[in-house]
file query_17.txt (compact mmCIF, C-alpha atoms)
# COMPACT_ATOMS: atom_id res chain seq x y z
CA MET A 1 0.00 0.00 0.00
CA LEU A 2 2.88 2.36 0.86
CA SER A 3 6.33 1.78 -0.57
CA ILE A 4 9.18 4.14 0.31
CA ARG A 5 12.30 3.71 -1.78
CA ASN A 6 15.61 5.40 -0.85
CA LEU A 7 13.85 8.54 0.36
CA THR A 8 16.13 11.51 1.01
CA LYS A 9 15.02 14.92 2.24
CA THR A 10 17.46 17.82 2.68
CA TYR A 11 16.48 21.23 4.01
CA PRO A 12 17.98 24.58 2.91
CA GLY A 13 21.33 24.97 4.59
CA GLY A 14 22.25 21.34 4.01
CA LYS A 15 20.55 19.60 6.95
CA VAL A 16 19.69 16.05 5.91
CA ALA A 17 16.40 15.19 7.66
CA VAL A 18 15.88 11.80 5.98
CA SER A 19 18.61 9.72 4.37
CA ASP A 20 18.07 6.77 2.02
CA LEU A 21 14.95 5.52 3.83
CA SER A 22 13.23 2.41 2.46
CA LEU A 23 10.12 0.83 3.99
CA ASP A 24 7.14 -1.24 2.83
CA ILE A 25 3.76 -0.88 4.55
CA GLU A 26 1.26 -3.47 3.34
CA ALA A 27 -2.53 -3.68 3.52
CA GLY A 28 -3.46 -4.82 7.02
CA ASP A 29 -0.34 -3.36 8.64
CA ILE A 30 -0.39 -1.05 11.64
CA TYR A 31 3.16 0.24 11.26
CA GLY A 32 4.81 2.23 14.05
CA PHE A 33 7.49 4.79 13.20
CA ILE A 34 9.69 5.47 16.21
CA GLY A 35 12.55 7.85 16.98
CA HIS A 36 13.81 10.78 19.03
CA ASN A 37 12.59 14.32 18.43
CA GLY A 38 14.38 15.51 15.31
CA ALA A 39 15.05 11.97 14.07
CA GLY A 40 13.25 12.64 10.77
CA LYS A 41 9.84 11.11 11.43
CA THR A 42 7.73 14.16 10.63
CA SER A 43 9.87 15.05 7.62
CA ALA A 44 9.32 11.58 6.18
CA ILE A 45 5.59 11.70 6.93
CA LYS A 46 5.18 15.10 5.28
CA ALA A 47 6.94 13.79 2.18
CA ILE A 48 4.62 10.77 2.09
CA VAL A 49 1.45 12.88 2.22
CA GLY A 50 2.72 15.46 -0.29
CA ILE A 51 3.31 18.43 2.01
CA HIS A 52 7.08 18.44 1.47
CA ASP A 53 8.99 17.73 -1.71
CA PHE A 54 12.00 15.43 -1.44
CA ASP A 55 15.41 15.31 -3.07
CA GLY A 56 15.92 11.65 -3.78
CA GLY A 57 14.15 8.33 -3.95
CA GLU A 58 10.50 7.59 -4.62
CA ILE A 59 7.26 7.03 -2.74
CA PHE A 60 4.42 4.89 -4.05
CA ILE A 61 0.90 4.77 -2.60
CA ASP A 62 -1.41 2.04 -3.90
CA GLY A 63 1.07 1.50 -6.73
CA LYS A 64 1.13 5.14 -7.84
CA SER A 65 3.99 7.63 -7.60
CA VAL A 66 3.54 10.50 -5.16
CA LYS A 67 5.56 12.70 -7.52
CA ASP A 68 3.91 11.70 -10.79
CA GLU A 69 0.31 11.11 -9.64
CA PRO A 70 -0.13 13.22 -6.50
CA MET A 71 -3.91 13.59 -6.73
CA ALA A 72 -4.47 9.86 -7.19
CA CYS A 73 -2.29 9.20 -4.13
CA LYS A 74 -4.05 11.82 -2.01
CA SER A 75 -7.48 10.52 -2.97
CA VAL A 76 -6.81 7.24 -1.12
CA THR A 77 -4.79 8.72 1.76
CA ALA A 78 -5.72 10.50 4.99
CA TYR A 79 -3.30 12.44 7.18
CA ILE A 80 -3.67 13.41 10.82
CA PRO A 81 -0.95 15.85 11.97
CA ASP A 82 0.31 16.16 15.53
CA ASN A 83 -1.10 19.68 15.78
CA PRO A 84 -4.55 20.02 14.17
CA ASP A 85 -4.79 23.10 11.95
CA ILE A 86 -8.51 23.59 11.29
CA TYR A 87 -10.52 26.57 10.04
CA ASP A 88 -11.59 28.18 13.31
CA TYR A 89 -14.45 30.17 11.75
CA LEU A 90 -16.32 27.01 10.70
CA THR A 91 -18.47 24.86 12.92
CA GLY A 92 -17.44 21.24 13.36
CA ILE A 93 -20.12 19.96 10.98
CA GLN A 94 -19.26 22.61 8.38
CA TYR A 95 -15.64 21.51 8.47
CA LEU A 96 -16.58 17.84 8.05
CA ASN A 97 -18.88 18.64 5.14
CA PHE A 98 -16.10 20.68 3.55
CA ILE A 99 -13.72 17.71 3.75
CA ALA A 100 -16.44 15.38 2.44
CA ASP A 101 -16.95 17.74 -0.53
CA VAL A 102 -13.21 17.71 -1.27
CA PHE A 103 -13.22 13.92 -1.49
CA GLY A 104 -16.58 13.67 -3.28
CA VAL A 105 -18.32 11.70 -0.53
CA SER A 106 -22.05 11.31 -1.10
CA LYS A 107 -24.56 12.92 1.25
CA LYS A 108 -25.76 9.54 2.49
CA ASP A 109 -22.28 8.16 3.16
CA ARG A 110 -21.03 11.29 4.89
CA GLN A 111 -24.06 11.45 7.17
CA GLU A 112 -23.64 7.82 8.20
CA ARG A 113 -19.89 8.11 8.78
CA ILE A 114 -20.04 11.42 10.63
CA ALA A 115 -22.81 10.11 12.89
CA ARG A 116 -20.89 6.91 13.64
CA TYR A 117 -17.49 8.39 14.37
CA ALA A 118 -18.82 11.47 16.19
CA ASP A 119 -20.78 9.18 18.50
CA LEU A 120 -17.78 6.91 19.07
CA LEU A 121 -15.56 9.89 19.89
CA GLU A 122 -18.27 11.67 21.87
CA LEU A 123 -18.20 14.81 19.73
CA THR A 124 -21.77 14.80 18.39
CA SER A 125 -23.07 17.48 20.75
CA ALA A 126 -20.27 19.88 19.76
CA LEU A 127 -20.55 19.60 15.96
CA GLY A 128 -22.74 22.70 15.79
CA ASP A 129 -20.21 24.77 17.72
CA SER A 130 -17.45 26.91 16.23
CA VAL A 131 -14.10 25.17 15.97
CA SER A 132 -12.59 28.20 17.69
CA SER A 133 -14.34 27.07 20.89
CA TYR A 134 -12.84 23.56 20.74
CA SER A 135 -10.11 22.32 23.06
CA HIS A 136 -7.00 20.70 21.56
CA GLY A 137 -8.46 17.27 22.21
CA MET A 138 -11.76 18.15 20.52
CA LYS A 139 -9.88 19.44 17.48
CA GLN A 140 -7.93 16.18 17.40
CA LYS A 141 -11.19 14.21 17.45
CA LEU A 142 -12.62 16.35 14.64
CA THR A 143 -9.47 15.75 12.60
CA VAL A 144 -9.81 12.00 13.13
CA ILE A 145 -13.40 12.06 11.88
CA SER A 146 -12.42 14.14 8.86
CA ALA A 147 -9.67 11.66 8.01
CA LEU A 148 -12.05 8.71 8.07
CA ILE A 149 -14.89 10.30 6.12
CA HIS A 150 -13.70 9.05 2.69
CA GLU A 151 -12.64 5.59 3.94
CA PRO A 152 -8.93 5.93 3.05
CA LYS A 153 -6.82 2.96 2.04
CA LEU A 154 -3.82 4.53 3.80
CA LEU A 155 -4.01 6.41 7.08
CA VAL A 156 -0.90 8.39 8.07
CA LEU A 157 -0.72 9.85 11.56
CA ASP A 158 1.88 11.94 13.39
CA GLU A 159 1.67 11.38 17.17
CA PRO A 160 -2.08 10.67 16.96
CA PHE A 161 -2.71 10.09 20.67
CA VAL A 162 -1.34 13.43 21.88
CA GLY A 163 -4.18 15.47 23.38
CA LEU A 164 -6.75 12.68 23.34
CA ASP A 165 -8.39 11.60 26.58
CA PRO A 166 -7.99 7.94 27.63
CA LYS A 167 -11.40 6.86 26.30
CA ALA A 168 -10.83 8.52 22.91
CA THR A 169 -7.38 6.92 22.75
CA VAL A 170 -8.90 3.46 23.22
CA THR A 171 -11.57 4.25 20.63
CA LEU A 172 -9.01 5.41 18.07
CA LYS A 173 -6.99 2.21 18.56
CA GLU A 174 -10.15 0.15 17.95
CA ILE A 175 -10.91 2.16 14.80
CA MET A 176 -7.35 1.61 13.56
CA ARG A 177 -7.60 -2.15 14.09
CA GLU A 178 -10.99 -2.27 12.35
CA MET A 179 -9.63 -0.35 9.34
CA CYS A 180 -6.74 -2.78 8.94
CA GLN A 181 -9.05 -5.78 9.25
CA LYS A 182 -10.90 -4.34 6.25
CA GLY A 183 -7.68 -4.05 4.22
CA ALA A 184 -6.40 -0.54 4.93
CA ALA A 185 -2.84 0.25 6.03
CA ILE A 186 -1.79 2.57 8.85
CA PHE A 187 1.58 4.29 9.29
CA PHE A 188 2.08 6.43 12.37
CA SER A 189 4.78 8.01 14.46
CA THR A 190 4.74 7.79 18.23
CA HIS A 191 6.88 8.32 21.29
CA VAL A 192 4.70 6.00 23.38
CA LEU A 193 6.59 2.74 23.04
CA ASP A 194 4.26 0.56 25.08
CA VAL A 195 1.34 1.63 22.86
CA ALA A 196 3.38 0.82 19.74
CA GLU A 197 4.31 -2.57 21.17
CA ARG A 198 0.69 -3.53 21.88
CA LEU A 199 -0.87 -1.98 18.78
CA CYS A 200 1.59 -2.31 15.90
CA THR A 201 2.11 -5.35 13.72
CA LYS A 202 5.40 -3.85 12.51
CA VAL A 203 7.74 -1.10 13.69
CA ALA A 204 10.67 0.88 12.36
CA ILE A 205 13.20 2.88 14.38
CA ILE A 206 14.81 5.91 12.77
CA ARG A 207 17.82 7.85 14.08
CA ASP A 208 19.39 10.95 12.53
CA GLY A 209 17.29 10.41 9.41
CA LYS A 210 18.45 6.83 8.88
CA LEU A 211 16.60 3.58 9.39
CA VAL A 212 18.32 1.49 12.06
CA VAL A 213 15.80 -1.30 12.79
CA SER A 214 12.59 -2.53 11.19
CA GLY A 215 10.50 -5.67 11.23
CA ARG A 216 7.55 -7.46 12.75
CA THR A 217 6.93 -6.39 16.33
CA GLU A 218 6.73 -9.97 17.58
CA GLU A 219 10.16 -10.69 16.10
CA LEU A 220 11.83 -7.55 17.44
CA VAL A 221 10.35 -7.95 20.91
CA ARG A 222 11.93 -11.17 22.11
CA GLU A 223 10.94 -13.10 25.22
CA GLY A 224 11.57 -10.96 28.28
CA CYS A 225 12.39 -7.94 26.13
CA SER A 226 10.14 -4.93 25.51
CA LEU A 227 10.10 -2.50 22.60
CA GLU A 228 11.53 0.07 25.00
CA ASP A 229 14.47 -2.28 25.62
CA VAL A 230 14.99 -2.64 21.86
CA PHE A 231 14.86 1.13 21.38
CA MET A 232 17.35 1.81 24.18
CA GLU A 233 19.72 -0.89 22.93
CA VAL A 234 19.63 0.56 19.41
CA ASP A 235 20.14 4.05 20.80
CA LYS A 236 23.12 2.92 22.89
CA ASN A 237 24.80 1.19 19.95
CA ALA A 238 24.11 3.89 17.35
call {"tool": "encode", "arguments": {"input": "query_17.txt", "output": "structure tokens"}}
result
Amino acid sequence: MLSIRNLTKTYPGGKVAVSDLSLDIEAGDIYGFIGHNGAGKTSAIKAIVGIHDFDGGEIFIDGKSVKDEPMACKSVTAYIPDNPDIYDYLTGIQYLNFIADVFGVSKKDRQERIARYADLLELTSALGDSVSSYSHGMKQKLTVISALIHEPKLLVLDEPFVGLDPKATVTLKEIMREMCQKGAAIFFSTHVLDVAERLCTKVAIIRDGKLVVSGRTEELVREGCSLEDVFMEVDKNA
């Protein structure tokens, strides 16, 4: 579903944020992307979803090139950033309808999906309110609903659990598992290693823009060893 081939991203001034990164995220995968602050996670994610250009390599989504067919890639992808940036002058329902219009979601489908996810995330009563009145957590919930409204094949998230209350966090994990059971793929960055260990089928650890470890979670986390242990061992030996 998502194939990253030798991705390199360099910022003005010569800072290499991502260097020769290659990963494959398949349908059904919940893939955790782990690393220190500044390791290159967000730079890679923004290249995947088309926010940032990149200097070398290639990214394919559902078999199509992000560079050559950006609209086709975006039509099957949803992105949830770590800091929701939503139009404050709209109400919650206006924002969701705007996103549904962008993706060409029918009136019937959008109503059903908005009702379902707003109920699950306990946001229904606030949909008529201005986004400017929302807390950070409410904005995060609204962003989650907007990302799911067109039933993406690939969901890309940057620190998705930041700002969510415990119940919403559990709900989002259940939604992620359900999506993958239906054939979608999920790629997300996180600092919460115990969550990644319990939730992810595969993980990758990045350091200074370079991939250092990747594989199935069950294979990386050996008996008596946690993902945190793996991360610290990699960090010590890097």
call {"tool": "residues_around", "arguments": {"input": "query_17.txt", "residues": "segment 108-125 of chain A", "least_positions_apart": "6", "cutoff": "12 Å", "atoms": "only C-alpha atoms", "output": "PyMOL selection string"}}
result
chain A and resi 91-102+131+134-135+137-151+164-175
call {"tool": "residues_around", "arguments": {"input": "query_17.txt", "residues": "segment 42-54 of chain A", "least_positions_apart": "5", "cutoff": "8 Å", "atoms": "only C-alpha atoms", "output": "ChimeraX atom specification"}}
result
/A:7-10,17-18,59,66,70,74,77,79,156,158,189
call {"tool": "closest_residue", "arguments": {"input": "query_17.txt", "among": "A:Lys15, A:Lys107, A:Lys41, A:Lys236", "to": "Phe187 of chain A", "atoms": "only C-alpha atoms"}}
result
A:Lys41
call {"tool": "residues_around", "arguments": {"input": "query_17.txt", "residues": "Met232 of chain A", "least_positions_apart": "3", "cutoff": "12 Å", "atoms": "only C-alpha atoms", "output": "mmCIF file with C-alpha atoms, in the coordinates of the input"}}
result
data_model
loop_
_atom_site.group_PDB
_atom_site.id
_atom_site.type_symbol
_atom_site.label_atom_id
_atom_site.label_comp_id
_atom_site.auth_asym_id
_atom_site.auth_seq_id
_atom_site.Cartn_x
_atom_site.Cartn_y
_atom_site.Cartn_z
ATOM 1 C CA ILE A 34 9.690 5.470 16.210
ATOM 2 C CA GLY A 35 12.550 7.850 16.980
ATOM 3 C CA HIS A 36 13.810 10.780 19.030
ATOM 4 C CA LEU A 193 6.590 2.740 23.040
ATOM 5 C CA ILE A 205 13.200 2.880 14.380
ATOM 6 C CA ARG A 207 17.820 7.850 14.080
ATOM 7 C CA VAL A 213 15.800 -1.300 12.790
ATOM 8 C CA CYS A 225 12.390 -7.940 26.130
ATOM 9 C CA SER A 226 10.140 -4.930 25.510
ATOM 10 C CA LEU A 227 10.100 -2.500 22.600
ATOM 11 C CA GLU A 228 11.530 0.070 25.000
ATOM 12 C CA ASP A 229 14.470 -2.280 25.620
ATOM 13 C CA ASP A 235 20.140 4.050 20.800
ATOM 14 C CA LYS A 236 23.120 2.920 22.890
ATOM 15 C CA ASN A 237 24.800 1.190 19.950
ATOM 16 C CA ALA A 238 24.110 3.890 17.350
#
call {"tool": "closest_residue", "arguments": {"input": "query_17.txt", "among": "A:Ile4, A:Val221, A:Ile206, A:Leu157", "to": "Phe188 of chain A", "atoms": "all atoms listed in the file"}}
result
A:Leu157
call {"tool": "atom_distance", "arguments": {"input": "query_17.txt", "atom1": "atom CA of Gly38 of chain A", "atom2": "atom CA of Met176 of chain A"}}
result
25.9 Å
call {"tool": "residues_around", "arguments": {"input": "query_17.txt", "residues": "Gly63 of chain A", "least_positions_apart": "2", "cutoff": "9 Å", "atoms": "all atoms listed in the file", "output": "list in words"}}
result
Met1, Leu2, Ser3, Phe60, Ile61, Ser65 and Cys73 of chain A
call {"tool": "closest_residue", "arguments": {"input": "query_17.txt", "among": "A:Asn6, A:Asp68, A:Ala78, A:Ile30", "to": "Asp55 of chain A", "atoms": "only C-alpha atoms"}}
result
A:Asn6
call {"tool": "residues_near_point", "arguments": {"input": "query_17.txt", "point": "(-2.7, -2.7, 7.9)", "cutoff": "7 Å", "atoms": "all atoms listed in the file", "output": "number ranges by chain"}}
result
A: 26-30, 180, 183-186
call {"tool": "write_last_selection", "arguments": {"input": "query_17.txt", "atoms": "C-alpha atoms", "output": "compact mmCIF listing (two decimals), keeping the file's coordinate frame"}}
result
# COMPACT_ATOMS: atom_id res chain seq x y z
CA GLU A 26 1.26 -3.47 3.34
CA ALA A 27 -2.53 -3.68 3.52
CA GLY A 28 -3.46 -4.82 7.02
CA ASP A 29 -0.34 -3.36 8.64
CA ILE A 30 -0.39 -1.05 11.64
CA CYS A 180 -6.74 -2.78 8.94
CA GLY A 183 -7.68 -4.05 4.22
CA ALA A 184 -6.40 -0.54 4.93
CA ALA A 185 -2.84 0.25 6.03
CA ILE A 186 -1.79 2.57 8.85
call {"tool": "closest_residue", "arguments": {"input": "query_17.txt", "among": "A:Glu197, A:Val16, A:Gly215, A:Leu90", "to": "Ala39 of chain A", "atoms": "only C-alpha atoms"}}
result
A:Val16
call {"tool": "closest_residue", "arguments": {"input": "query_17.txt", "among": "A:Met179, A:Arg216, A:Gly40, A:Val234", "to": "Asp20 of chain A", "atoms": "all atoms listed in the file"}}
result
A:Gly40
call {"tool": "closest_residue", "arguments": {"input": "query_17.txt", "among": "A:Ser19, A:Thr190, A:Ala204, A:Leu154", "to": "Gly57 of chain A", "atoms": "all atoms listed in the file"}}
result
A:Ser19
call {"tool": "atom_distance", "arguments": {"input": "query_17.txt", "atom1": "atom CA of Pro152 of chain A", "atom2": "atom CA of Phe103 of chain A"}}
result
10.1 Å
call {"tool": "atom_distance", "arguments": {"input": "query_17.txt", "atom1": "atom CA of Lys67 of chain A", "atom2": "atom CA of Lys210 of chain A"}}
result
21.7 Å
call {"tool": "residues_around", "arguments": {"input": "query_17.txt", "residues": "Tyr89 of chain A", "least_positions_apart": "3", "cutoff": "9 Å", "atoms": "all atoms listed in the file", "output": "ChimeraX atom specification"}}
result
/A:86,130-132
